[in-house]
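A short worksheet on the structure shown next.
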Amino acid sequence: MPRIAIIGAGIAGVSTALELAADGHEVSVFDRRGSVAAEASFANAGTIAPALALPWTQPRFGLGWRGKQWRAARHPAFAERAAATLRLAVYSHQRLQALRKTLQLDYERAEGQLVLLRDKADREAIAPGLERLAALGLVVRELDAAGCRAVEPGLNPEAKLFGGVQLPLAEVGNCRQFAHLLRVEAQKLGARFRFHTTVRSLDASGEVVHEYTPPEELAGAPSSPPDAGDTVPQTQGPRGERFDAIVVCAALDGARLLGRKLPLRTAVSHSITAPLRQLEAHPDLGPRGGLTDHQLGVSLSRIGQRVRATAGDEASAHKSLNDWFPGASLPGQALRWSGEHVELPDGLPLIGGGGRLWINLAHPDAGFTLASGAARVISERLAGRKAEVDVSGLDLDRLG
Ligand SMILES: Cc1cc2nc3c(=O)[nH]c(=O)nc-3n(C[C@H](O)[C@H](O)[C@H](O)COP(=O)(O)OP(=O)(O)OC[C@H]3O[C@@H](n4cnc5c(N)ncnc54)[C@H](O)[C@@H]3O)c2cc1C
C-alpha cells in the first residue's frame with residue numbers, strides 16, 4: 001500500500017487525507033499544532049462560494065503588492081488560470097455536497113451568500129468582477145433593496161441599502177467543525193494524525209524529517225483539547241522517514257519545505273463570533289446565511305446559533321454587524337480570533353505536483369471553498385488517473 005505523508009492538518013490537509021485514505025493509501029498527517037484546523041482554518045468566515053474564488057472584491061495589500069497583482073492579472077495565461085480556479089471551485093462545491101450527504105456531515109451549515117451594496121458606487125465597483133464571472137459562465141442574481149430584505153429578513157430596515165447580488169452554489173458553515181468531522185472519517189479509513197510534530201525538511205526522494213515537540217513547549221497552542229488518534233510512538237529529536245509521496249498543505253511554510261522562493265505574502269484578518277439572541281417575537285434575528293458587506297469588506301455569516309463578522313480590522317467587523325443586525329447578538333460573549341491569509345500575486349491557489357512531491361496551497365480567501373475539490377484532484381492525479389476537472393494552469397511551474 002503506498003505510504004503518503006501530508007504536511008499540515010488545516011482544511012486543505014485534512015480534506016486531502018480523507019480523499020487519499022479513501023483511495024486506499026496509507027496516510028500520515030503531520031501538524032505542529034495539537035489539533036486539526038488550528039491556524040487559518042480555525043474561525044474563518046466559513047463561506048463556500050465559487051464566485052468568491054476569483055479576486056473581485058477589494059485588494060488587501062499596499063501599493064507594492066498591488067503592482068505585483070496588476071502585473072500578474074495581465075499575464076497572458078491569467079484568464080485561463082482564473083477559469084481553472086472557477087472550474088475547481090464549482091467542482092469543489094459538488095464534491096463537498098457529495099461528502100456531506102454520503103457521510104452525513106453536520107457543520108452548522110446554512111445556505112446562501114448575498115453581496116450587499118450600500119450605494120450605486122458599490123455596484124459600479126463590482127461591475128468588472130461580475131462581467132468576468134458572467135464571461136466564465138457563472139450567473140449571479142441581482143436584487144434591489146426589497147429583494148435583499150426578502151432573502152435576509154433580519155436586515156436592519158433603517159440601514160441604507162442600494163441592492164445586492166445573490167451568488168449561486170453558496171453556503172456558509174463552520175470550517176473548523178468540518179475539518180474535525182473529516183479527520184474522524186479519515187481516521188476510520190486508517191489515516192494517522194501526528195500532532196505536535198513539526199516537519200523540518202523534506203525532499204524529492206520522499207524523505208520527511210520531522211520532530212515531535214511535547215505540547216507544553218509549544219507557544220500559542222489552541223485552548224481546545226487535543227485531537228485523538230495519534231497512535232504513533234513519539235521520540236524526541238529530528239527523525240527521518242521515507243514515503244512514496246508527500247503532499248505539502250502547510251500554507252506559508254510550504255515554500256520553505258519545497259525549497260522554493262515563492263512570492264507569497266500574508267495578511268492578518270479578524271473574526272468576531274457572538275451568540276445570537278433568542279427572542280420568540282423576533283425569529284429573524286441575525287443573518288439566515290452569508291452576507292458580504294462590499295463597502296466595508298466584511299463577511300457576516302450565520303454559524304449555527306451564532307453570527308460571525310470577519311474583516312481586515314475589528315472596527316469594521318463591529319460596524320458592519322451593528323449597521324445590518326443591530327441588537328441581534330450578545331457582544332459580551334463574543335469570541336475574537338485572528339488568522340492569516342496566504343496569497344500569491346495572482347490571488348489564485350497553487351495545486352499540483354508530480355513524482356513524489358505534491359502541493360495543495362489553499363487560496364487566501366477561498367481555501368474552504370476549494371478544499372474538497374483540490375483534495376480530490378490531487379488524489380486522482382497521485383494515483384495516475386486523470387482528474388475530473390482540469391487545473392493544469394494552477395501548478396507550481398506557473399511561478400517560473
Ligand atoms: C480571516 C479569514 C477569513 C477567511 N474566510 C474564508 C471564507 O469565508 N471562505 C473560504 O473558503 N476561505 C476563507 N479563508 C481562507 C481559508 O481560511 C484558508 O484558505 C484555509 O483555511 C487555508 O487552509 P490550509 O489548510 O491551506 O492552511 P491552514 O489552515 O493554515 O493549515 C496549515 C497547517 O499546516 C501546519 N504546518 C505549517 N507548517 C508546518 C510544518 N513545518 N510542520 C508541521 N505542520 C505545519 C500548520 O500548523 C497548520 O495547521 C479565510 C481566511 C482568513 C484568515
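Following the order of the C-alpha cells, first chain is A, next is B, and so on, with residues numbered from 1 inside each chain and ligands from 1 in the order they appear.
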
Neighbours of ligand 1 within 7 Å, counting only C-alpha atoms and all ligand atoms, as a ChimeraX atom specification? /A:7-13,30-33,36-42,44-48,197-200,249-254,257,268-271,310-311,338-341,361-370

Those residues with C-alpha atoms, as a tab-separated table (two decimals), in the first residue's frame please?
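The result, stored in selection-v2.tsv:
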chain	number	residue	atom	x	y	z
A	7	ILE	CA	2.19	18.12	5.86
A	8	GLY	CA	-0.40	20.33	7.55
A	9	ALA	CA	-3.79	19.48	9.09
A	10	GLY	CA	-5.70	22.60	8.06
A	11	ILE	CA	-8.74	22.25	5.84
A	12	ALA	CA	-6.51	21.55	2.82
A	13	GLY	CA	-4.54	18.79	4.57
A	30	PHE	CA	1.87	15.80	10.33
A	31	ASP	CA	0.99	19.02	12.12
A	32	ARG	CA	2.97	21.13	14.55
A	33	ARG	CA	-0.24	22.04	16.40
A	36	VAL	CA	-6.74	19.97	13.07
A	37	ALA	CA	-7.74	23.45	11.83
A	38	ALA	CA	-5.72	25.29	14.47
A	39	GLU	CA	-4.47	28.04	12.12
A	40	ALA	CA	-6.17	29.72	9.11
A	41	SER	CA	-8.99	27.14	9.09
A	42	PHE	CA	-9.98	27.88	12.72
A	44	ASN	CA	-12.68	31.95	9.14
A	45	ALA	CA	-15.85	33.40	7.60
A	46	GLY	CA	-16.95	29.91	6.59
A	47	THR	CA	-18.20	30.96	3.16
A	48	ILE	CA	-18.29	28.37	0.42
A	197	THR	CA	5.12	17.19	15.09
A	198	THR	CA	6.90	19.81	13.02
A	199	VAL	CA	8.28	18.89	9.64
A	200	ARG	CA	11.78	20.33	9.45
A	249	CYS	CA	-0.51	21.51	2.72
A	250	ALA	CA	1.49	23.69	5.10
A	251	ALA	CA	0.27	27.11	3.94
A	252	LEU	CA	3.06	29.70	4.27
A	253	ASP	CA	5.65	27.12	5.37
A	254	GLY	CA	5.04	25.23	2.13
A	257	LEU	CA	9.61	22.99	2.75
A	268	VAL	CA	-3.95	39.14	9.05
A	269	SER	CA	-7.74	39.38	9.33
A	270	HIS	CA	-10.02	39.10	12.32
A	271	SER	CA	-13.29	37.47	13.19
A	310	THR	CA	-14.90	38.75	9.57
A	311	ALA	CA	-12.83	41.70	8.33
A	338	SER	CA	-7.11	36.49	14.09
A	339	GLY	CA	-5.95	34.45	11.12
A	340	GLU	CA	-3.50	34.76	8.26
A	341	HIS	CA	-4.35	34.83	4.56
A	361	LEU	CA	-1.61	25.57	-1.14
A	362	ALA	CA	-5.03	26.94	-0.49
A	363	HIS	CA	-6.42	30.20	-1.68
A	364	PRO	CA	-6.22	33.35	0.50
A	365	ASP	CA	-9.98	33.86	0.69
A	366	ALA	CA	-11.41	30.64	-0.62
A	367	GLY	CA	-9.42	27.80	0.94
A	368	PHE	CA	-12.56	26.27	2.44
A	369	THR	CA	-14.40	26.69	-0.87
A	370	LEU	CA	-11.65	24.92	-2.82

Selection: 12 Å around Ala245 (chain A), only C-alpha atoms, excl. self and same-chain fewer than 6 positions, as a count of residues only: 31

For the strand (DSSP E) assignment from backbone DSSP, which residues of region 59-223 of chain A qualify? Please present them as JSON, numbers by chain. {"A": [110, 111, 113, 114, 115, 116, 117, 141, 142, 143, 144, 163, 164, 165, 166, 171, 172, 192, 193, 194, 197, 198, 199, 200, 201, 202, 207, 208, 209, 210, 211, 212]}

Let's have the selection written as a compact mmCIF listing (two decimals), in the first residue's frame, with N, CA and C atoms.
# COMPACT_ATOMS: atom_id res chain seq x y z
N ALA A 110 -25.50 26.73 6.56
CA ALA A 110 -26.69 27.48 6.17
C ALA A 110 -26.49 27.93 4.72
N GLU A 111 -27.58 27.94 3.96
CA GLU A 111 -27.43 28.23 2.52
C GLU A 111 -27.47 29.72 2.22
N GLN A 113 -25.51 33.25 -0.11
CA GLN A 113 -24.48 34.28 0.04
C GLN A 113 -24.94 35.50 -0.75
N LEU A 114 -25.11 36.60 -0.04
CA LEU A 114 -25.62 37.83 -0.64
C LEU A 114 -24.58 38.93 -0.47
N VAL A 115 -24.17 39.53 -1.59
CA VAL A 115 -23.24 40.66 -1.51
C VAL A 115 -24.08 41.93 -1.38
N LEU A 116 -23.92 42.64 -0.28
CA LEU A 116 -24.72 43.84 -0.02
C LEU A 116 -24.03 45.06 -0.62
N LEU A 117 -24.79 45.88 -1.34
CA LEU A 117 -24.26 47.09 -1.95
C LEU A 117 -24.94 48.27 -1.28
N ARG A 141 -27.50 36.61 -9.35
CA ARG A 141 -28.84 37.23 -9.43
C ARG A 141 -28.76 38.58 -8.75
N GLU A 142 -29.08 39.62 -9.51
CA GLU A 142 -29.06 40.96 -8.92
C GLU A 142 -30.41 41.27 -8.29
N LEU A 143 -30.36 41.87 -7.09
CA LEU A 143 -31.59 42.17 -6.35
C LEU A 143 -31.63 43.64 -6.00
N ASP A 144 -32.85 44.18 -5.91
CA ASP A 144 -32.97 45.53 -5.36
C ASP A 144 -33.05 45.39 -3.83
N GLY A 163 -28.84 47.69 -3.07
CA GLY A 163 -29.27 46.41 -3.65
C GLY A 163 -28.26 45.35 -3.30
N GLY A 164 -28.28 44.26 -4.03
CA GLY A 164 -27.35 43.18 -3.71
C GLY A 164 -27.20 42.21 -4.84
N VAL A 165 -26.27 41.28 -4.65
CA VAL A 165 -26.01 40.25 -5.64
C VAL A 165 -26.06 38.91 -4.93
N GLN A 166 -26.97 38.06 -5.38
CA GLN A 166 -27.09 36.74 -4.77
C GLN A 166 -26.21 35.78 -5.55
N GLU A 171 -22.95 28.70 0.31
CA GLU A 171 -23.39 28.39 1.67
C GLU A 171 -22.34 28.89 2.66
N VAL A 172 -22.70 28.86 3.94
CA VAL A 172 -21.70 29.12 4.99
C VAL A 172 -21.73 27.95 5.96
N ARG A 192 -3.44 8.33 9.95
CA ARG A 192 -2.89 8.64 11.28
C ARG A 192 -2.53 10.12 11.34
N PHE A 193 -2.92 10.76 12.42
CA PHE A 193 -2.64 12.19 12.60
C PHE A 193 -1.55 12.33 13.64
N ARG A 194 -0.45 12.94 13.27
CA ARG A 194 0.69 13.05 14.18
C ARG A 194 0.85 14.52 14.57
N THR A 197 3.96 17.70 15.84
CA THR A 197 5.12 17.19 15.09
C THR A 197 5.41 18.14 13.93
N THR A 198 6.53 18.82 14.05
CA THR A 198 6.90 19.81 13.02
C THR A 198 7.76 19.14 11.97
N VAL A 199 7.43 19.40 10.71
CA VAL A 199 8.28 18.89 9.64
C VAL A 199 9.39 19.90 9.41
N ARG A 200 10.61 19.44 9.60
CA ARG A 200 11.78 20.33 9.45
C ARG A 200 12.19 20.44 7.99
N SER A 201 12.16 19.31 7.28
CA SER A 201 12.57 19.35 5.87
C SER A 201 11.99 18.14 5.15
N LEU A 202 12.02 18.22 3.83
CA LEU A 202 11.61 17.06 3.02
C LEU A 202 12.35 17.15 1.70
N GLU A 207 11.75 11.66 1.49
CA GLU A 207 12.22 11.72 2.88
C GLU A 207 11.56 12.90 3.61
N VAL A 208 10.99 12.62 4.78
CA VAL A 208 10.41 13.68 5.62
C VAL A 208 11.15 13.67 6.95
N VAL A 209 11.76 14.80 7.30
CA VAL A 209 12.42 14.88 8.61
C VAL A 209 11.49 15.65 9.53
N HIS A 210 11.03 14.98 10.58
CA HIS A 210 10.06 15.61 11.48
C HIS A 210 10.54 15.50 12.92
N GLU A 211 9.96 16.36 13.74
CA GLU A 211 10.39 16.40 15.14
C GLU A 211 9.18 16.58 16.04
N TYR A 212 9.04 15.71 16.99
CA TYR A 212 7.93 15.80 17.95
C TYR A 212 8.29 16.79 19.05

Which neighbours of Leu133 (chain A) fall inside 8 Å, counting only C-alpha atoms, when residues of the same chain fewer than 5 positions from it are skipped, and could you give them as a ChimeraX atom specification? /A:51,138-139

When you count only C-alpha atoms, which of these residues is closest to Ala371 (chain A): A:Ser15, A:Gln295, A:Thr266, A:Gln278?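 Of A:Ser15, A:Gln295, A:Thr266, A:Gln278, the one nearest Ala371 (chain A) is A:Ser15, counting only C-alpha atoms.
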
note - CA of Ala22 (chain A) and CA of Leu96 (chain A) are separated by 14.7 Å

For region 315-326 of chain A, please output as a VMD selection string all residues within 9 Å (counting only C-alpha atoms; exclusion window: fewer than 3 positions along the same chain). chain A and resid 154 to 159 270 to 272 285 to 287 293 296 to 300 307 to 312 329

Filtered DSSP result for region 91-171 of chain A, state alpha helix (DSSP H), as a ChimeraX atom specification: /A:91-103,120-135,145-151

Contacts of Leu394 (chain A) within 7 Å, only C-alpha atoms, excl. fewer than 6 positions in-chain, as a ChimeraX atom specification: /A:81,349-351

Do you know which residues are at most 12 Å from Asp284 (chain A) counting only C-alpha atoms, after dropping those on the same chain fewer than 4 positions away, and could you put them as a list of chain:residue names? A:Arg149, A:Ala150, A:Val151, A:Glu152, A:Pro153, A:Gly154, A:Leu155, A:Asn156, A:Leu276, A:Arg277, A:Gln278, A:Leu279, A:Glu280, A:Arg288, A:Gly289, A:Arg302, A:Gln305, A:Phe325, A:Gly327, A:Ala328, A:Ser329
